[in-house]
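The structure file run10.cif is reproduced below (mmCIF, C-alpha atoms).
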data_entry
loop_
_atom_site.group_PDB
_atom_site.id
_atom_site.type_symbol
_atom_site.label_atom_id
_atom_site.label_comp_id
_atom_site.auth_asym_id
_atom_site.auth_seq_id
_atom_site.Cartn_x
_atom_site.Cartn_y
_atom_site.Cartn_z
ATOM 1 C CA MET A 1401 -0.340 -31.281 -34.050
ATOM 2 C CA ALA A 1402 1.683 -31.246 -30.891
ATOM 3 C CA GLN A 1403 -0.040 -30.214 -27.733
ATOM 4 C CA ASP A 1404 1.534 -27.883 -25.248
ATOM 5 C CA ALA A 1405 2.753 -29.845 -22.226
ATOM 6 C CA ARG A 1406 2.128 -26.967 -19.835
ATOM 7 C CA PRO A 1407 -1.268 -26.876 -18.112
ATOM 8 C CA GLN A 1408 -3.535 -23.986 -18.994
ATOM 9 C CA GLN A 1409 -3.683 -21.389 -16.258
ATOM 10 C CA GLY A 1410 -6.561 -19.062 -15.668
ATOM 11 C CA PRO A 1411 -6.308 -15.683 -13.996
ATOM 12 C CA ARG A 1412 -4.227 -15.852 -10.858
ATOM 13 C CA SER A 1413 -5.695 -14.755 -7.571
ATOM 14 C CA LEU A 1414 -4.190 -11.914 -5.591
ATOM 15 C CA LEU A 1415 -3.030 -14.278 -2.842
ATOM 16 C CA ALA A 1416 -1.248 -16.417 -5.435
ATOM 17 C CA VAL A 1417 0.656 -13.319 -6.539
ATOM 18 C CA LEU A 1418 1.447 -12.224 -2.988
ATOM 19 C CA ASN A 1419 2.433 -15.720 -1.864
ATOM 20 C CA SER A 1420 4.365 -16.625 -4.983
ATOM 21 C CA ASP A 1421 6.888 -18.664 -3.004
ATOM 22 C CA GLY A 1422 4.167 -21.118 -1.955
ATOM 23 C CA LYS A 1423 4.160 -20.094 1.703
ATOM 24 C CA ALA A 1424 1.526 -18.107 3.542
ATOM 25 C CA HIS A 1425 2.539 -14.623 4.711
ATOM 26 C CA PRO A 1426 -0.399 -13.324 6.776
ATOM 27 C CA VAL A 1427 1.453 -10.447 8.462
ATOM 28 C CA GLU A 1428 3.047 -9.226 5.248
ATOM 29 C CA ASN A 1429 -0.211 -9.521 3.305
ATOM 30 C CA THR A 1430 -2.036 -7.572 6.013
ATOM 31 C CA LEU A 1431 0.558 -4.804 5.829
ATOM 32 C CA VAL A 1432 0.110 -4.708 2.043
ATOM 33 C CA ALA A 1433 -3.671 -4.335 2.392
ATOM 34 C CA VAL A 1434 -3.404 -1.682 5.123
ATOM 35 C CA THR A 1435 -0.841 0.304 3.126
ATOM 36 C CA ILE A 1436 -2.988 0.212 -0.019
ATOM 37 C CA VAL A 1437 -6.097 1.336 1.885
ATOM 38 C CA LEU A 1438 -4.297 4.121 3.765
ATOM 39 C CA GLY A 1439 -2.609 5.269 0.567
ATOM 40 C CA ALA A 1440 -5.932 5.422 -1.249
ATOM 41 C CA ILE A 1441 -7.553 7.364 1.596
ATOM 42 C CA ALA A 1442 -4.638 9.803 1.744
ATOM 43 C CA LEU A 1443 -4.521 10.331 -2.009
ATOM 44 C CA ILE A 1444 -8.279 10.791 -2.456
ATOM 45 C CA SER A 1445 -8.719 13.037 0.577
ATOM 46 C CA SER A 1446 -5.765 15.211 -0.460
ATOM 47 C CA ALA A 1447 -7.832 16.455 -3.397
ATOM 48 C CA PHE A 1448 -10.012 18.344 -0.913
ATOM 49 C CA HIS A 1449 -8.325 21.252 0.871
ATOM 50 C CA HIS A 1450 -10.454 21.001 4.019
ATOM 51 C CA LEU A 1451 -9.556 17.309 4.573
ATOM 52 C CA HIS A 1452 -5.884 18.001 5.241
ATOM 53 C CA LEU A 1453 -6.017 16.349 8.660
ATOM 54 C CA LEU A 1454 -7.320 13.098 7.182
ATOM 55 C CA SER A 1455 -4.900 13.093 4.263
ATOM 56 C CA SER A 1456 -1.830 13.975 6.317
ATOM 57 C CA TRP A 1457 -2.476 11.477 9.124
ATOM 58 C CA SER A 1458 -3.547 8.620 6.861
ATOM 59 C CA GLY A 1459 -0.578 9.376 4.611
ATOM 60 C CA LEU A 1460 1.811 9.286 7.556
ATOM 61 C CA ALA A 1461 0.333 6.000 8.784
ATOM 62 C CA GLY A 1462 0.510 4.574 5.255
ATOM 63 C CA ILE A 1463 4.162 5.564 4.944
ATOM 64 C CA LEU A 1464 5.009 3.897 8.250
ATOM 65 C CA THR A 1465 3.103 0.669 7.532
ATOM 66 C CA GLY A 1466 4.491 0.538 4.003
ATOM 67 C CA ALA A 1467 8.055 1.040 5.203
ATOM 68 C CA TRP A 1468 7.683 -1.728 7.769
ATOM 69 C CA GLY A 1469 6.087 -3.948 5.134
ATOM 70 C CA GLN A 1470 9.042 -3.351 2.809
ATOM 71 C CA PHE A 1471 11.388 -4.261 5.640
ATOM 72 C CA ILE A 1472 9.762 -7.654 6.267
ATOM 73 C CA SER A 1473 8.325 -8.471 2.813
ATOM 74 C CA ALA A 1474 9.114 -11.881 1.372
ATOM 75 C CA THR A 1475 7.985 -11.803 -2.264
ATOM 76 C CA THR A 1476 8.180 -9.485 -5.247
ATOM 77 C CA GLY A 1477 4.385 -9.202 -5.437
ATOM 78 C CA GLU A 1478 4.255 -7.859 -1.899
ATOM 79 C CA ARG A 1479 7.013 -5.364 -2.624
ATOM 80 C CA PHE A 1480 5.311 -4.188 -5.818
ATOM 81 C CA LEU A 1481 1.991 -3.457 -4.125
ATOM 82 C CA LEU A 1482 3.728 -1.893 -1.133
ATOM 83 C CA ILE A 1483 5.521 0.570 -3.412
ATOM 84 C CA ILE A 1484 2.202 1.514 -5.049
ATOM 85 C CA GLY A 1485 0.624 2.094 -1.624
ATOM 86 C CA LEU A 1486 3.685 3.939 -0.336
ATOM 87 C CA GLY A 1487 3.655 6.276 -3.325
ATOM 88 C CA ALA A 1488 -0.027 7.077 -2.885
ATOM 89 C CA ALA A 1489 0.423 7.589 0.865
ATOM 90 C CA ALA A 1490 3.423 9.853 0.345
ATOM 91 C CA ILE A 1491 1.648 12.018 -2.238
ATOM 92 C CA GLY A 1492 -1.407 12.290 0.036
ATOM 93 C CA PHE A 1493 0.796 13.063 3.030
ATOM 94 C CA PHE A 1494 2.739 15.804 1.257
ATOM 95 C CA LEU A 1495 -0.384 17.421 -0.189
ATOM 96 C CA GLY A 1496 -2.051 17.228 3.223
ATOM 97 C CA MET A 1497 0.965 18.935 4.749
ATOM 98 C CA ALA A 1498 0.817 21.644 2.082
ATOM 99 C CA HIS A 1499 -2.886 22.247 2.786
ATOM 100 C CA GLY A 1500 -2.510 22.663 6.539
ATOM 101 C CA GLY A 1501 -0.521 19.848 8.043
ATOM 102 C CA LEU A 1502 -1.040 17.375 10.840
ATOM 103 C CA PHE A 1503 -2.351 19.895 13.375
ATOM 104 C CA GLY A 1504 -3.201 22.891 11.170
ATOM 105 C CA GLY A 1505 -6.093 24.850 12.633
ATOM 106 C CA VAL A 1506 -6.564 22.480 15.582
ATOM 107 C CA LEU A 1507 -3.586 23.454 17.722
ATOM 108 C CA GLY A 1508 -2.495 27.068 17.862
#
Would you put the structure from the file into structure tokens?
Amino acid sequence: MAQDARPQQGPRSLLAVLNSDGKAHPVENTLVAVTIVLGAIALISSAFHHLHLLSSWSGLAGILTGAWGQFISATTGERFLLIIGLGAAAIGFFLGMAHGGLFGGVLG
């Protein structure tokens, strides 16, 4: 019986996926986390019509942070998670705009 020469690997941590090139990327990883959180807030709050201010503003912020993160990202793992967060932020933003927008009911 021949043994496999490769070492057994357990589940990889999230930072190992984000920093797959072996270098630390604190700014990029922070933008990934912020985009994911803002996207989740925008997507969840867009399900409620009266939370259109929260969903539209958090969606807009998530789109901006995700776009900047895509611009400076260094690894595929970062880009993958940024696209997930950007998609959630964009859906939340657009639904928030459809329910009343960024200033709906507050101004004018």
- Query: Using all atoms listed in the file, which of the listed residues (A:Ala1424, A:Met1497, A:Ala1416, A:Ile1483) sits closest to A:His1450?
  - Reply: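 Using all atoms listed in the file, the shortest distance to A:His1450 belongs to A:Met1497.
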Hey, which bits of stretch 1423-1489 of chain A sit within 8 Å of stretch 1498-1505 of chain A, and for each residue what's the closest pair of atoms and how far apart in Å (one decimal), counting all atoms listed in the file, rows by chain and increasing number, as a Markdown table?
| residue | atom | partner | partner_atom | distance |
| --- | --- | --- | --- | --- |
| A:His1449 | CA | A:His1499 | CA | 5.9 |
| A:His1450 | CA | A:His1499 | CA | 7.8 |
| A:His1452 | CA | A:His1499 | CA | 5.7 |
| A:Leu1453 | CA | A:Leu1502 | CA | 5.5 |
| A:Ser1456 | CA | A:Leu1502 | CA | 5.7 |
| A:Trp1457 | CA | A:Leu1502 | CA | 6.3 |
Produce a file of the selected residues containing C-alpha atoms, as a PDB file, in the coordinates of the input.
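Output contents, as saved in result-v4.pdb:
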ATOM      1  CA  HIS A1449      -8.325  21.252   0.871  1.00  0.00           C
ATOM      2  CA  HIS A1450     -10.454  21.001   4.019  1.00  0.00           C
ATOM      3  CA  HIS A1452      -5.884  18.001   5.241  1.00  0.00           C
ATOM      4  CA  LEU A1453      -6.017  16.349   8.660  1.00  0.00           C
ATOM      5  CA  SER A1456      -1.830  13.975   6.317  1.00  0.00           C
ATOM      6  CA  TRP A1457      -2.476  11.477   9.124  1.00  0.00           C
TER       7      TRP A1457
END
Explicit residues for the PyMOL selection byres ((chain A and resi 1431-1443) around 10) (as a compact mmCIF listing (two decimals) with C-alpha atoms, in the frame of the given file):
# COMPACT_ATOMS: atom_id res chain seq x y z
CA LEU A 1418 1.45 -12.22 -2.99
CA PRO A 1426 -0.40 -13.32 6.78
CA VAL A 1427 1.45 -10.45 8.46
CA GLU A 1428 3.05 -9.23 5.25
CA ASN A 1429 -0.21 -9.52 3.30
CA THR A 1430 -2.04 -7.57 6.01
CA ILE A 1444 -8.28 10.79 -2.46
CA SER A 1445 -8.72 13.04 0.58
CA SER A 1446 -5.76 15.21 -0.46
CA ALA A 1447 -7.83 16.45 -3.40
CA PHE A 1448 -10.01 18.34 -0.91
CA LEU A 1451 -9.56 17.31 4.57
CA HIS A 1452 -5.88 18.00 5.24
CA LEU A 1453 -6.02 16.35 8.66
CA LEU A 1454 -7.32 13.10 7.18
CA SER A 1455 -4.90 13.09 4.26
CA SER A 1456 -1.83 13.98 6.32
CA TRP A 1457 -2.48 11.48 9.12
CA SER A 1458 -3.55 8.62 6.86
CA GLY A 1459 -0.58 9.38 4.61
CA LEU A 1460 1.81 9.29 7.56
CA ALA A 1461 0.33 6.00 8.78
CA GLY A 1462 0.51 4.57 5.26
CA ILE A 1463 4.16 5.56 4.94
CA LEU A 1464 5.01 3.90 8.25
CA THR A 1465 3.10 0.67 7.53
CA GLY A 1466 4.49 0.54 4.00
CA ALA A 1467 8.06 1.04 5.20
CA TRP A 1468 7.68 -1.73 7.77
CA GLY A 1469 6.09 -3.95 5.13
CA GLN A 1470 9.04 -3.35 2.81
CA ILE A 1472 9.76 -7.65 6.27
CA SER A 1473 8.32 -8.47 2.81
CA GLY A 1477 4.38 -9.20 -5.44
CA GLU A 1478 4.26 -7.86 -1.90
CA ARG A 1479 7.01 -5.36 -2.62
CA PHE A 1480 5.31 -4.19 -5.82
CA LEU A 1481 1.99 -3.46 -4.12
CA LEU A 1482 3.73 -1.89 -1.13
CA ILE A 1483 5.52 0.57 -3.41
CA ILE A 1484 2.20 1.51 -5.05
CA GLY A 1485 0.62 2.09 -1.62
CA LEU A 1486 3.68 3.94 -0.34
CA GLY A 1487 3.66 6.28 -3.32
CA ALA A 1488 -0.03 7.08 -2.88
CA ALA A 1489 0.42 7.59 0.86
CA ALA A 1490 3.42 9.85 0.34
CA ILE A 1491 1.65 12.02 -2.24
CA GLY A 1492 -1.41 12.29 0.04
CA PHE A 1493 0.80 13.06 3.03
CA PHE A 1494 2.74 15.80 1.26
CA LEU A 1495 -0.38 17.42 -0.19
CA GLY A 1496 -2.05 17.23 3.22
